[in-house]
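*Asks:* So that you have it, the file is upload.pdb, and it contains PDB, C-alpha atoms:
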ATOM      1  CA  VAL A   1      74.469  73.263-122.220
ATOM      2  CA  TYR A   2      71.922  70.688-123.303
ATOM      3  CA  VAL A   3      69.102  72.637-121.614
ATOM      4  CA  ALA A   4      69.948  75.697-123.704
ATOM      5  CA  VAL A   5      70.282  73.719-126.925
ATOM      6  CA  THR A   6      67.095  71.640-126.659
ATOM      7  CA  GLY A   7      64.853  73.654-124.328
ATOM      8  CA  LYS A   8      63.919  70.580-122.290
ATOM      9  CA  THR A   9      63.693  70.425-118.503
ATOM     10  CA  PHE A  10      66.860  69.939-116.471
ATOM     11  CA  CYS A  11      66.352  66.280-115.560
ATOM     12  CA  SER A  12      65.488  65.152-119.071
ATOM     13  CA  SER A  13      68.369  67.233-120.461
ATOM     14  CA  ALA A  14      70.777  65.740-117.933
ATOM     15  CA  HIS A  15      69.741  62.244-118.984
ATOM     16  CA  ALA A  16      69.932  63.143-122.686
ATOM     17  CA  SER A  17      73.376  64.691-122.293
ATOM     18  CA  PHE A  18      74.654  61.620-120.433
ATOM     19  CA  VAL A  19      73.366  59.387-123.234
ATOM     20  CA  PHE A  20      74.800  61.800-125.805
ATOM     21  CA  PHE A  21      78.274  61.803-124.239
ATOM     22  CA  ALA A  22      78.175  58.007-123.886
ATOM     23  CA  LYS A  23      77.212  57.713-127.557
ATOM     24  CA  TYR A  24      80.176  59.839-128.696
ATOM     25  CA  PRO A  25      83.074  59.037-126.305
ATOM     26  CA  VAL A  26      85.889  59.918-128.713
ATOM     27  CA  GLN A  27      84.393  63.294-129.595
ATOM     28  CA  THR A  28      83.771  63.979-125.901
ATOM     29  CA  ALA A  29      87.406  63.213-125.110
ATOM     30  CA  MET A  30      88.543  65.481-127.946
ATOM     31  CA  ASP A  31      86.259  68.246-126.654
ATOM     32  CA  LYS A  32      87.696  67.987-123.159
ATOM     33  CA  MET A  33      91.248  67.745-124.479
ATOM     34  CA  ALA A  34      90.808  70.878-126.612
ATOM     35  CA  SER A  35      89.299  72.768-123.678
ATOM     36  CA  ALA A  36      92.097  71.683-121.347
ATOM     37  CA  ALA A  37      94.809  72.576-123.869
ATOM     38  CA  LEU A  38      93.294  75.995-124.513
ATOM     39  CA  GLY A  39      92.898  76.646-120.790
ATOM     40  CA  TYR A  40      96.474  75.585-120.038
ATOM     41  CA  LEU A  41      97.889  77.644-122.890
ATOM     42  CA  LEU A  42      95.970  80.741-121.821
ATOM     43  CA  CYS A  43      96.706  80.350-118.103
ATOM     44  CA  VAL A  44     100.434  80.113-118.740
ATOM     45  CA  THR A  45     101.028  82.666-121.481
ATOM     46  CA  VAL A  46      98.790  85.551-120.410
ATOM     47  CA  PRO A  47     100.053  85.961-116.801
ATOM     48  CA  LEU A  48     103.699  85.502-117.786
ATOM     49  CA  GLY A  49     103.296  87.886-120.708
ATOM     50  CA  LEU A  50     101.767  90.556-118.471
ATOM     51  CA  ALA A  51     104.575  90.148-115.942
ATOM     52  CA  VAL A  52     107.166  90.600-118.694
ATOM     53  CA  VAL A  53     105.347  93.641-120.083
ATOM     54  CA  ALA A  54     105.185  95.193-116.597
ATOM     55  CA  PHE A  55     108.939  94.798-116.031
ATOM     56  CA  PRO A  56     110.035  98.175-117.546
ATOM     57  CA  TRP A  57     107.599 100.134-115.351
ATOM     58  CA  LEU A  58     108.351  98.196-112.162
ATOM     59  CA  SER A  59     112.111  97.718-112.293
ATOM     60  CA  GLN A  60     112.535  98.811-108.624
ATOM     61  CA  ASP A  61     110.210  96.375-106.833
ATOM     62  CA  TRP A  62     109.598  93.949-109.646
ATOM     63  CA  PRO A  63     109.276  90.512-107.886
ATOM     64  CA  PRO A  64     106.418  91.358-105.465
ATOM     65  CA  CYS A  65     104.508  93.306-108.099
ATOM     66  CA  ALA A  66     105.078  90.536-110.648
ATOM     67  CA  ALA A  67     103.652  88.001-108.194
ATOM     68  CA  VAL A  68     100.495  90.091-107.759
ATOM     69  CA  ILE A  69     100.206  90.674-111.511
ATOM     70  CA  ILE A  70     100.609  86.949-112.209
ATOM     71  CA  ALA A  71      98.049  85.977-109.552
ATOM     72  CA  LEU A  72      95.402  88.458-110.724
ATOM     73  CA  ALA A  73      96.036  87.704-114.392
ATOM     74  CA  TYR A  74      95.739  83.963-113.702
ATOM     75  CA  VAL A  75      92.365  84.382-111.984
ATOM     76  CA  THR A  76      91.041  86.593-114.784
ATOM     77  CA  THR A  77      92.388  84.289-117.493
ATOM     78  CA  ARG A  78      90.954  81.222-115.777
ATOM     79  CA  LEU A  79      87.490  82.814-115.772
ATOM     80  CA  ALA A  80      87.790  83.724-119.460
ATOM     81  CA  ALA A  81      89.028  80.220-120.309
ATOM     82  CA  GLY A  82      85.938  78.821-118.574
ATOM     83  CA  ILE A  83      83.777  80.804-120.969
ATOM     84  CA  TYR A  84      85.732  79.429-123.936
ATOM     85  CA  ASP A  85      85.247  75.936-122.493
ATOM     86  CA  VAL A  86      81.469  76.394-122.471
ATOM     87  CA  CYS A  87      81.564  77.758-126.048
ATOM     88  CA  ILE A  88      83.592  74.776-127.282
ATOM     89  CA  THR A  89      81.265  72.320-125.536
ATOM     90  CA  THR A  90      78.186  74.052-126.964
ATOM     91  CA  LEU A  91      79.615  73.907-130.473
ATOM     92  CA  PHE A  92      80.437  70.233-129.948
ATOM     93  CA  VAL A  93      76.882  69.432-128.841
ATOM     94  CA  CYS A  94      75.331  71.371-131.722
ATOM     95  CA  VAL A  95      77.576  69.827-134.371
ATOM     96  CA  MET A  96      77.075  66.271-133.124
ATOM     97  CA  ARG A  97      73.286  66.697-132.815
ATOM     98  CA  ASP A  98      73.080  68.215-136.308
ATOM     99  CA  SER A  99      75.258  65.509-137.842
ATOM    100  CA  ALA A 100      73.074  62.818-136.242
ATOM    101  CA  ALA A 101      69.915  64.545-137.545
ATOM    102  CA  VAL A 102      71.335  64.889-141.060
ATOM    103  CA  TRP A 103      72.378  61.231-141.022
ATOM    104  CA  GLU A 104      68.818  60.231-140.094
ATOM    105  CA  LEU A 105      67.418  62.394-142.912
ATOM    106  CA  LEU A 106      69.820  60.811-145.376
ATOM    107  CA  LYS A 107      68.744  57.338-144.326
ATOM    108  CA  VAL A 108      65.087  58.320-144.753
ATOM    109  CA  SER A 109      65.704  59.861-148.179
ATOM    110  CA  ILE A 110      67.629  56.798-149.375
ATOM    111  CA  LYS A 111      64.693  54.582-148.458
ATOM    112  CA  GLY A 112      62.345  56.902-150.367
ATOM    113  CA  GLU A 113      60.097  57.570-147.373
ATOM    114  CA  GLN A 114      58.565  60.889-146.444
ATOM    115  CA  TYR A 115      60.631  63.270-144.333
ATOM    116  CA  PRO A 116      59.567  63.247-140.690
ATOM    117  CA  PHE A 117      59.096  67.048-140.545
ATOM    118  CA  ARG A 118      56.634  67.350-143.439
TER     119      ARG A 118
END
Go through the file and emit its structure as structure tokens.

*Replies:*
Amino acid sequence: VYVAVTGKTFCSSAHASFVFFAKYPVQTAMDKMASAALGYLLCVTVPLGLAVVAFPWLSQDWPPCAAVIIALAYVTTRLAAGIYDVCITTLFVCVMRDSAAVWELLKVSIKGEQYPFR
């Protein structure tokens, strides 16, 4: 994620992301907790919901078909939840980098110095 956000090489981005996650441990934990909760919620509700919806059409041989529906829906949902995990992590990195940059600009403007990008 850090390579896409900053455009640096992989090794320097890996080091920067390690430093970044060490600098913000609480936000990193919240990011991982939100991703895990979303993944768990999706991986439980979507397969079970599809099995319940399929019940009227498969009333004859429902248990074997429900097992296949649940397995395939779980795999598909897990892949989609992985994409949401990357989106949440990317938003986390962007927000924390922007808030750190804005904080630095505020400190510079309070001191009355020139902005670093001028």

*Asks:* For Ala100 (chain A), which residue among A:Ala16, A:Pro56, A:Lys23, A:Val3 is the nearest when counting all atoms listed in the file?

*Replies:*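 Once distances to Ala100 (chain A) are computed over all atoms listed in the file, the minimum belongs to A:Lys23.
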
*Asks:* What does the distance from CA of Met96 (chain A) to CA of Phe21 (chain A) come to in Å, to one decimal?

*Replies:* 10.0 Å

*Asks:* Take CA of Arg78 (chain A) and CA of Leu50 (chain A) and report the distance between them in Å, one decimal.

*Replies:*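 Between CA of Arg78 (chain A) and CA of Leu50 (chain A) the gap is 14.5 Å.
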
*Asks:* Selection in question (the file shown): the PyMOL selection byres ((chain A and resi 54) around 12). Which residues does it include, as a PyMOL selection string?

*Replies:* chain A and resi 47-53+55-70

*Asks:* Please enumerate the residues selected by the PyMOL selection byres ((chain A and resi 27) around 12) when evaluated against the supplied file, formatted as a ChimeraX atom specification.

*Replies:* /A:20-26,28-34,88-89,91-93,95-96

*Asks:* Please, which residues are within 12 Å of (66.3, 68.5, -133.3) by the file's coordinates, counting all atoms listed in the file, and could they come as a VMD selection string?

*Replies:* chain A and resid 2 5 to 8 93 to 102 104 to 105 116 to 117

*Asks:* Where's the centre, and what are the edge lengths in Å to one decimal, of a box along x, y and z enclosing all listed atoms of region 40-58 of chain A padded 4 Å per side, as lines of an AutoDock Vina configuration file?

*Replies:*
center_x = 103.0
center_y = 87.9
center_z = -117.5
size_x = 22.1
size_y = 32.5
size_z = 18.7

*Asks:* With all atoms listed in the file as the counted atoms, please give the residues lying no more than 9 Å from Gly39 (chain A), apart from itself and same-chain residues fewer than 2 positions off, as a count of residues only.

*Replies:* 15

*Asks:* What is the CA of Tyr40 (chain A) to CA of Ala14 (chain A) distance in Å?

*Replies:* 27.6 Å
